[in-house]
Every structure is written in structure tokens, then in C-alpha cells.
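Listing of coords01.csv, CSV, C-alpha atoms
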```csv
chain,number,residue,atom,x,y,z
D,286,MET,CA,-17.4,-129.9,-46.2
D,287,CYS,CA,-20.5,-129.5,-48.5
D,288,LYS,CA,-20.0,-125.8,-48.5
D,289,ILE,CA,-16.5,-126.1,-49.9
D,290,ILE,CA,-17.6,-128.5,-52.7
D,291,PHE,CA,-20.6,-126.3,-53.7
D,292,THR,CA,-18.5,-123.1,-53.8
D,293,LYS,CA,-16.1,-124.6,-56.3
D,294,LEU,CA,-19.0,-125.5,-58.7
D,295,THR,CA,-20.3,-123.1,-61.3
D,296,LYS,CA,-24.0,-122.2,-61.3
D,297,ASN,CA,-24.8,-124.5,-64.2
D,298,GLU,CA,-22.9,-127.4,-62.6
D,299,LEU,CA,-24.8,-126.9,-59.4
D,300,ILE,CA,-28.1,-126.9,-61.3
D,301,GLN,CA,-27.1,-130.1,-63.1
D,302,TYR,CA,-26.1,-131.7,-59.9
D,303,PHE,CA,-29.4,-131.0,-58.2
D,304,CYS,CA,-31.4,-132.0,-61.3
D,305,GLU,CA,-29.7,-135.3,-61.3
D,306,ILE,CA,-30.5,-135.8,-57.6
D,307,LEU,CA,-34.2,-135.0,-58.3
D,308,ARG,CA,-34.3,-137.3,-61.3
D,309,THR,CA,-32.9,-140.2,-59.3
D,310,ALA,CA,-35.3,-139.6,-56.4
D,311,ILE,CA,-38.3,-139.5,-58.8
D,312,LEU,CA,-37.3,-142.7,-60.6
D,313,ASP,CA,-36.7,-144.4,-57.2
D,314,THR,CA,-40.2,-143.3,-56.0
D,315,LYS,CA,-41.8,-144.6,-59.2
D,316,LYS,CA,-40.2,-148.0,-58.8
D,317,ARG,CA,-41.3,-148.2,-55.1
D,318,PHE,CA,-44.8,-147.1,-56.0
D,319,ASN,CA,-45.1,-149.7,-58.8
D,320,TYR,CA,-43.8,-152.3,-56.4
D,321,LEU,CA,-46.2,-151.5,-53.6
D,322,VAL,CA,-49.4,-151.2,-55.6
D,323,LYS,CA,-51.5,-154.3,-56.1
D,324,MET,CA,-53.0,-154.9,-59.5
D,325,LYS,CA,-56.2,-156.8,-60.4
D,326,LEU,CA,-56.3,-158.8,-63.6
D,327,PHE,CA,-59.3,-159.9,-65.5
D,328,ILE,CA,-59.2,-163.4,-67.0
D,329,LYS,CA,-61.6,-164.6,-69.7
D,330,ASN,CA,-62.1,-167.8,-71.5
D,331,ILE,CA,-61.4,-170.0,-68.4
D,332,ASP,CA,-62.3,-173.6,-68.9
D,333,ARG,CA,-65.4,-174.4,-66.8
D,334,GLU,CA,-63.7,-177.2,-64.9
D,335,ILE,CA,-60.9,-175.1,-63.5
D,336,ASN,CA,-61.2,-174.1,-59.9
D,337,GLU,CA,-59.7,-171.1,-58.1
D,338,ALA,CA,-56.7,-173.1,-56.7
D,339,GLN,CA,-55.8,-174.2,-60.3
D,340,LEU,CA,-56.2,-170.7,-61.6
D,341,GLU,CA,-53.9,-169.4,-58.8
D,342,SER,CA,-51.3,-172.0,-59.6
D,343,LEU,CA,-51.0,-170.6,-63.1
D,344,PHE,CA,-50.1,-167.1,-61.8
D,345,VAL,CA,-47.9,-168.0,-58.9
D,346,PRO,CA,-44.7,-168.4,-61.0
D,347,TYR,CA,-44.9,-164.8,-62.0
D,348,GLY,CA,-45.2,-163.3,-58.5
D,349,GLU,CA,-47.3,-163.1,-55.3
D,350,VAL,CA,-51.0,-163.8,-55.8
D,351,VAL,CA,-53.1,-161.9,-53.3
D,352,SER,CA,-56.5,-163.2,-54.3
D,353,THR,CA,-58.2,-165.3,-56.9
D,354,LYS,CA,-61.9,-165.4,-57.8
D,355,ILE,CA,-63.8,-167.3,-60.5
D,356,VAL,CA,-67.3,-166.0,-61.1
D,357,TYR,CA,-70.1,-168.6,-60.9
D,358,ASP,CA,-73.8,-168.5,-61.9
D,359,THR,CA,-75.9,-168.0,-58.8
D,360,ILE,CA,-78.5,-170.6,-59.9
D,361,THR,CA,-76.6,-173.4,-61.4
D,362,TRP,CA,-73.2,-172.7,-59.7
D,363,GLU,CA,-71.4,-173.4,-62.9
D,364,SER,CA,-68.4,-171.2,-63.8
D,365,LYS,CA,-69.2,-168.3,-66.2
D,366,GLY,CA,-65.8,-168.7,-67.7
D,367,PHE,CA,-64.2,-165.6,-66.3
D,368,GLY,CA,-62.6,-164.5,-63.1
D,369,PHE,CA,-60.1,-162.2,-61.4
D,370,VAL,CA,-56.6,-162.5,-60.0
D,371,GLU,CA,-55.0,-159.8,-57.8
D,372,MET,CA,-51.2,-159.7,-58.0
D,373,GLY,CA,-48.9,-158.3,-55.4
D,374,ASN,CA,-47.6,-155.5,-57.5
D,375,LYS,CA,-47.7,-154.1,-61.0
D,376,THR,CA,-44.4,-155.5,-62.2
D,377,GLU,CA,-45.5,-159.0,-61.4
D,378,ALA,CA,-48.9,-158.4,-63.0
D,379,TYR,CA,-47.4,-157.3,-66.3
D,380,LYS,CA,-45.1,-160.3,-66.3
D,381,ALA,CA,-48.2,-162.6,-65.8
D,382,ILE,CA,-50.1,-160.8,-68.6
D,383,ASP,CA,-47.2,-161.2,-71.0
D,384,ALA,CA,-46.7,-164.8,-70.2
D,385,LEU,CA,-50.3,-166.0,-69.9
D,386,ASN,CA,-52.3,-163.9,-72.4
D,387,GLY,CA,-53.1,-166.3,-75.2
D,388,LYS,CA,-51.8,-169.4,-73.4
D,389,GLU,CA,-53.8,-172.5,-73.9
D,390,VAL,CA,-55.2,-174.1,-70.8
D,391,ASN,CA,-57.4,-177.2,-71.1
D,392,GLY,CA,-57.9,-176.5,-74.8
D,393,ARG,CA,-58.9,-172.9,-74.3
D,394,ALA,CA,-56.7,-169.8,-74.9
D,395,LEU,CA,-56.8,-167.5,-71.9
D,396,ILE,CA,-57.4,-163.8,-72.3
D,397,VAL,CA,-55.6,-161.9,-69.5
D,398,ASP,CA,-55.9,-158.1,-69.2
D,399,ILE,CA,-56.0,-155.4,-66.5
D,400,ALA,CA,-59.3,-155.3,-64.7
D,401,VAL,CA,-61.3,-152.1,-65.0
D,402,GLU,CA,-63.5,-150.9,-62.2
D,403,LYS,CA,-67.2,-151.3,-63.2
D,404,ARG,CA,-69.1,-148.0,-63.2
D,405,ARG,CA,-72.4,-147.9,-61.3
```
Whole structure given in C-alpha cells:
Amino acid sequence: MCKIIFTKLTKNELIQYFCEILRTAILDTKKRFNYLVKMKLFIKNIDREINEAQLESLFVPYGEVVSTKIVYDTITWESKGFGFVEMGNKTEAYKAIDALNGKEVNGRALIVDIAVEKRR
């Protein structure tokens, strides 16, 4: 059946047909990749009284939260005012960034950005 359909198409129509199939496959793969890749966010200006559970509850409405970590001073065990949240995928992470960057929590405007690996 396919042989009959393809023999009726001109060379240019055949090329366009296969290009469209490839374009669709590439877009589908990109969507799947973005959906599967976790993304770590860096959060600055966190109020020192907020704990990890409260920080996680801020991000849950925007998607799956894989992990949450607030950085504490090793001597005093006080919060240093920044932390990390790992989201389930990139789409959810970008939604959280758009919604929470600049949002005021306990009188302090959060700064939410993509975490960058520290070079050693």
C-alpha cells in the first residue's frame, strides 16, 4: 500500500513528506527530553526562619519537587539565606521561576534562578 502512495508522489512532495515526519519526530523528542530532565534551582534571599518544608510548599503548586535544601552555617546552624530546589522537569522549573522570582515571602523578595554547577 505504501509503495502505491509513494509512486504517485513527485520527488519534491516525497522530500517534503519525509522532512515533515523528521520535524515532528525531533519536536516530540525535545518535548520528551525537557519533560524527563530534572532541573535544580538556586533560591536567594530566603528568610532565616523558613525551613525546608515551607520552602518546598512554595514550589509544589508549580510541579513535582524532587528535593529541597537550605544551606546552614556549620557553626551556628543558622540559615545562610539561600538554598536549592530540584524540580521534576524543566517545564515545571521554568513555571516556578516565572511565578516565584521576586515574590515576597516573610517580607523578603525571593530571587529564583537556575542553579549553575560550581567549578572546583
Note to self: Calculated over all atoms listed in the file, which of the candidates D:Thr376, D:Thr295, D:Asn386, D:Asn391 has the smallest distance to Val322 in chain D?
What the structure shows: D:Thr376
Item checked: Which of D:Ala338, D:Val370, D:Ile382, D:Ile331 sits closest to Leu395 in chain D [using all atoms listed in the file] ->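 Distance minimum relative to Leu395 in chain D lands on D:Ile331.
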Notebook entry, point to check: In Å, how far is it from CA of Val351 in chain D to CA of Phe327 in chain D?
Noted result: 13.8 Å
Next item on the list: May I ask which of the residues D:Ile360, D:Leu307, D:Ile396, D:Leu385 is the closest one to Ser342 in chain D, counting all atoms listed in the file?
Entry: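 Of D:Ile360, D:Leu307, D:Ile396, D:Leu385, the one nearest Ser342 in chain D, counting all atoms listed in the file, is D:Leu385.
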Check: Which one is closest to Ser364 in chain D: D:Glu337, D:Lys323, D:Cys304, D:Val397? Count all atoms listed in the file.
Finding: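 Using all atoms listed in the file, Ser364 in chain D sits closest to D:Glu337.
Neighbours of Val345 in chain D closer than or equal to 10 Å, with only C-alpha atoms counted and sequence neighbours fewer than 4 positions away skipped, come out as Leu340, Glu341, Glu349, Val350, Val351, Met372, Glu377 and Ala381 of chain D.
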I need the chosen residues saved as a PDB file, keeping the file's coordinate frame, with C-alpha atoms.
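Produced file result-v6.pdb, reproduced below:
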```pdb
ATOM      1  CA  LEU D 340     -56.200-170.700 -61.600  1.00  0.00           C
ATOM      2  CA  GLU D 341     -53.900-169.400 -58.800  1.00  0.00           C
ATOM      3  CA  GLU D 349     -47.300-163.100 -55.300  1.00  0.00           C
ATOM      4  CA  VAL D 350     -51.000-163.800 -55.800  1.00  0.00           C
ATOM      5  CA  VAL D 351     -53.100-161.900 -53.300  1.00  0.00           C
ATOM      6  CA  MET D 372     -51.200-159.700 -58.000  1.00  0.00           C
ATOM      7  CA  GLU D 377     -45.500-159.000 -61.400  1.00  0.00           C
ATOM      8  CA  ALA D 381     -48.200-162.600 -65.800  1.00  0.00           C
TER       9      ALA D 381
END
```
Check: Could you work out how far CA of Met324 in chain D lies from CA of Arg308 in chain D, giving the answer in Å with one decimal?
Finding: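 Taking CA of Arg308 in chain D and CA of Met324 in chain D, their separation equals 25.7 Å.
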Notebook entry, point to check: How far is it from CA of Gly348 in chain D to CA of Glu363 in chain D, in Å with one decimal?
Noted result: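 Rounded to one decimal, the two atoms are 28.4 Å apart.
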Next item on the list: For Gly366 in chain D, please output as a PyMOL selection string all residues within 8 Å (counting all atoms listed in the file; exclusion window: fewer than 2 positions along the same chain).
Entry: chain D and resi 329-333+355-356+364+368
Saved selection, atoms kept: C-alpha atoms, as a compact mmCIF listing (two decimals), in the frame of the given file:
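This went into selection.txt:
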```txt
# COMPACT_ATOMS: atom_id res chain seq x y z
CA LYS D 329 -61.60 -164.60 -69.70
CA ASN D 330 -62.10 -167.80 -71.50
CA ILE D 331 -61.40 -170.00 -68.40
CA ASP D 332 -62.30 -173.60 -68.90
CA ARG D 333 -65.40 -174.40 -66.80
CA ILE D 355 -63.80 -167.30 -60.50
CA VAL D 356 -67.30 -166.00 -61.10
CA SER D 364 -68.40 -171.20 -63.80
CA GLY D 368 -62.60 -164.50 -63.10
```
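The neighbours of Lys325 in chain D here are the residues that come within 9 Å of it, using all atoms listed in the file and leaving out any residue fewer than 5 positions away in the same chain; they are Ser352, Phe369, Val370, Glu371, Met372, Gly373, Lys375, Ala378, Asp398, Ile399, Ala400 and Val401 of chain D.
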When you write range 296-401 of chain D out from the block above, keep C-alpha atoms and present the result as a short mmCIF file (atom, residue, chain, number, x, y, z; two decimals), in the first residue's frame, please.
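Output contents, as saved in selection_29.cif:
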```
data_model
loop_
_atom_site.label_atom_id
_atom_site.label_comp_id
_atom_site.auth_asym_id
_atom_site.auth_seq_id
_atom_site.Cartn_x
_atom_site.Cartn_y
_atom_site.Cartn_z
CA LYS D 296 10.24 13.78 -5.83
CA ASN D 297 9.66 17.18 -4.14
CA GLU D 298 6.44 16.01 -2.48
CA LEU D 299 8.26 12.95 -1.18
CA ILE D 300 11.06 15.09 0.27
CA GLN D 301 8.53 17.42 1.92
CA TYR D 302 6.67 14.44 3.34
CA PHE D 303 9.79 12.93 4.95
CA CYS D 304 11.01 16.33 6.17
CA GLU D 305 7.70 16.84 7.96
CA ILE D 306 7.98 13.40 9.57
CA LEU D 307 11.52 14.22 10.77
CA ARG D 308 10.47 17.66 12.06
CA THR D 309 7.63 16.10 14.04
CA ALA D 310 9.91 13.40 15.47
CA ILE D 311 12.53 15.97 16.54
CA LEU D 312 9.97 18.22 18.23
CA ASP D 313 8.45 15.23 20.01
CA THR D 314 11.89 14.12 21.22
CA LYS D 315 12.69 17.63 22.52
CA LYS D 316 9.40 17.73 24.45
CA ARG D 317 10.09 14.32 25.99
CA PHE D 318 13.66 15.29 26.87
CA ASN D 319 12.56 18.52 28.58
CA TYR D 320 9.90 16.62 30.45
CA LEU D 321 12.30 13.94 31.72
CA VAL D 322 15.25 16.11 32.75
CA LYS D 323 15.27 17.34 36.33
CA MET D 324 16.30 20.93 36.96
CA LYS D 325 17.93 22.40 40.03
CA LEU D 326 17.01 25.94 41.06
CA PHE D 327 19.01 28.35 43.21
CA ILE D 328 16.96 30.45 45.65
CA LYS D 329 18.46 33.53 47.32
CA ASN D 330 17.16 35.95 49.92
CA ILE D 331 15.25 33.30 51.89
CA ASP D 332 14.03 34.48 55.28
CA ARG D 333 16.13 32.85 58.00
CA GLU D 334 13.05 31.47 59.76
CA ILE D 335 11.83 29.44 56.76
CA ASN D 336 12.59 25.72 56.88
CA GLU D 337 12.90 23.21 54.02
CA ALA D 338 9.28 22.03 54.29
CA GLN D 339 7.99 25.60 53.96
CA LEU D 340 10.30 26.26 51.02
CA GLU D 341 9.07 23.08 49.33
CA SER D 342 5.44 24.11 49.85
CA LEU D 343 6.13 27.30 47.84
CA PHE D 344 7.25 25.25 44.82
CA VAL D 345 4.77 22.34 44.92
CA PRO D 346 1.96 24.24 43.10
CA TYR D 347 4.21 24.50 40.03
CA GLY D 348 5.14 20.83 39.77
CA GLU D 349 6.93 17.90 41.34
CA VAL D 350 9.61 18.85 43.85
CA VAL D 351 12.33 16.19 43.93
CA SER D 352 14.45 17.71 46.71
CA THR D 353 14.82 20.84 48.81
CA LYS D 354 17.92 22.05 50.66
CA ILE D 355 18.53 25.20 52.66
CA VAL D 356 22.19 25.92 53.40
CA TYR D 357 23.06 26.38 57.07
CA ASP D 358 26.15 27.75 58.80
CA THR D 359 28.16 24.83 60.20
CA ILE D 360 28.96 26.56 63.50
CA THR D 361 25.77 28.43 64.44
CA TRP D 362 23.32 26.29 62.41
CA GLU D 363 21.56 29.45 61.25
CA SER D 364 20.28 29.65 57.71
CA LYS D 365 22.62 31.44 55.31
CA GLY D 366 19.59 32.76 53.41
CA PHE D 367 19.90 30.66 50.28
CA GLY D 368 19.10 27.15 49.14
CA PHE D 369 18.27 24.79 46.31
CA VAL D 370 15.11 23.17 44.99
CA GLU D 371 15.20 20.39 42.40
CA MET D 372 12.12 20.26 40.20
CA GLY D 373 10.85 17.17 38.36
CA ASN D 374 11.35 18.63 34.87
CA LYS D 375 12.39 21.79 33.04
CA THR D 376 8.88 22.93 32.15
CA GLU D 377 7.80 22.92 35.80
CA ALA D 378 11.06 24.61 36.83
CA TYR D 379 10.53 27.49 34.40
CA LYS D 380 6.95 27.90 35.64
CA ALA D 381 8.26 28.15 39.21
CA ILE D 382 10.92 30.67 38.21
CA ASP D 383 8.36 32.86 36.44
CA ALA D 384 5.93 32.72 39.34
CA LEU D 385 8.27 32.98 42.35
CA ASN D 386 11.15 35.19 41.22
CA GLY D 387 10.61 38.50 43.01
CA LYS D 388 7.72 37.15 45.11
CA GLU D 389 7.73 38.46 48.66
CA VAL D 390 7.84 35.80 51.38
CA ASN D 391 8.01 36.90 55.04
CA GLY D 392 8.95 40.42 53.95
CA ARG D 393 11.81 39.37 51.64
CA ALA D 394 11.69 39.17 47.83
CA LEU D 395 12.90 35.75 46.69
CA ILE D 396 15.41 35.52 43.88
CA VAL D 397 14.90 32.28 41.93
CA ASP D 398 17.26 31.24 39.15
CA ILE D 399 18.71 28.15 37.51
CA ALA D 400 21.48 26.62 39.62
CA VAL D 401 24.90 26.50 38.00
#
```
